Amino acid sequence: MKHLAVKGALPLSLLGPLVCSLLFAPANTTSVSATQRPKYNVLFIISDDLRPELGSYGNPIVKTPNIDSLAARGTRFDHAYAQFPLCNPSRSSLFNGRYPTQTGVMDNNTYFRTKHPDYVTLPQYFQKQGYATLRTGKIFHGGIDDQISWTEGGEPVDPAIVNRPPSPVASGQGAREVDDPDVAPQPKPTGTRLNFGSDCRVGRRR
């Protein structure tokens, strides 16, 4: 996952390529005096499996002008790494400021509040500072949203996901490609198979 933090208003034309985002907006819209620090709107963008293959990270092949424009106006994180090789543990860790071993979320089935109902997430912290928190798309794991973190847009946890049997990945007894219930079995290829090699990239000339 890669993250861009942007302060201030954003043209809608820049939001086209975004996968999902959340907005922290001050709940009190009254004007502030010259001696008070203004409260900025904060747009947080998060996407799956992107890697830093963007123009703003120096990739000379991939063309991402809209995201590059966002990066130029905000803060680019050069050392933001995924905490775990699965989605739910990484996102639960990020929004709680704790390692996956602390949240207890080690697979794509577990809701962190089952064991830690007192955790204060990043959106909740903004709420406590007088912000309204809104989300769209996938912020926490799909089907395991944290509804109380949001003023608007929160969704209840899906029992069909959190009640699944424990994933072998969490116990170290299986490989993700084979055992993770979020990964659908891949159909066996038929006909001629074209192998472009492991270094094939979008837009790269062979």
# chains A, B, ... in the order shown; residues from 1 in each chain; ligands from 1
call {"tool": "select_by_dssp", "arguments": {"residues": "region 17-139 of chain A", "states": "alpha helix (DSSP H)", "output": "PyMOL selection string"}}
result
chain A and resi 65-73+87-96+100-103+122-128
call {"tool": "write_last_selection", "arguments": {"atoms": "C-alpha atoms", "output": "CSV table (one decimal), in the first residue's frame"}}
result
chain,number,residue,atom,x,y,z
A,65,PRO,CA,-0.1,12.6,-14.2
A,66,ASN,CA,-3.1,13.1,-11.9
A,67,ILE,CA,-1.5,11.2,-9.0
A,68,ASP,CA,1.8,13.0,-9.7
A,69,SER,CA,-0.1,16.3,-9.3
A,70,LEU,CA,-1.5,15.2,-6.0
A,71,ALA,CA,1.9,14.1,-4.8
A,72,ALA,CA,3.5,17.5,-5.8
A,73,ARG,CA,0.9,19.3,-3.6
A,87,CYS,CA,-4.8,-6.9,3.4
A,88,ASN,CA,-6.8,-7.0,6.6
A,89,PRO,CA,-3.7,-7.2,9.0
A,90,SER,CA,-2.0,-4.4,7.2
A,91,ARG,CA,-5.0,-2.0,7.3
A,92,SER,CA,-5.9,-2.8,10.9
A,93,SER,CA,-2.3,-2.2,11.9
A,94,LEU,CA,-2.1,1.1,9.9
A,95,PHE,CA,-5.3,2.6,11.3
A,96,ASN,CA,-4.6,1.5,14.9
A,100,PRO,CA,-0.4,-7.1,13.6
A,101,THR,CA,0.9,-9.1,16.5
A,102,GLN,CA,-0.6,-6.5,18.8
A,103,THR,CA,-4.0,-6.2,17.1
A,122,LEU,CA,-7.1,7.2,13.3
A,123,PRO,CA,-10.5,8.3,12.1
A,124,GLN,CA,-11.8,8.2,15.7
A,125,TYR,CA,-8.9,10.4,16.8
A,126,PHE,CA,-9.9,12.9,14.2
A,127,GLN,CA,-13.5,12.8,15.5
A,128,LYS,CA,-12.2,13.6,19.0
call {"tool": "atom_distance", "arguments": {"atom1": "CA of Ala25 (chain A)", "atom2": "CA of Thr151 (chain A)"}}
result
10.3 Å
call {"tool": "closest_residue", "arguments": {"among": "A:Pro165, A:Gly154, A:Gly58, A:Gly74", "to": "Thr136 (chain A)", "atoms": "only C-alpha atoms"}}
result
A:Gly154
call {"tool": "atom_distance", "arguments": {"atom1": "CA of Thr110 (chain A)", "atom2": "CA of Pro166 (chain A)"}}
result
8.3 Å
call {"tool": "atom_distance", "arguments": {"atom1": "CA of Pro117 (chain A)", "atom2": "CA of Leu86 (chain A)"}}
result
22.0 Å
call {"tool": "closest_residue", "arguments": {"among": "A:Pro168, A:Pro26, A:Ser47, A:Val157", "to": "Gly137 (chain A)", "atoms": "only C-alpha atoms"}}
result
A:Ser47
call {"tool": "closest_residue", "arguments": {"among": "A:Ile45, A:Gln83, A:Arg76, A:Gln36", "to": "Lys138 (chain A)", "atoms": "only C-alpha atoms"}}
result
A:Ile45
call {"tool": "closest_residue", "arguments": {"among": "A:Ile46, A:Asp107, A:Asn163, A:Val62", "to": "Ala80 (chain A)", "atoms": "only C-alpha atoms"}}
result
A:Ile46
call {"tool": "residues_around", "arguments": {"residues": "Pro159 (chain A)", "least_positions_apart": "5", "cutoff": "9 Å", "atoms": "only C-alpha atoms", "output": "list in words"}}
result
Gly143, Ile144 and Arg164 of chain A
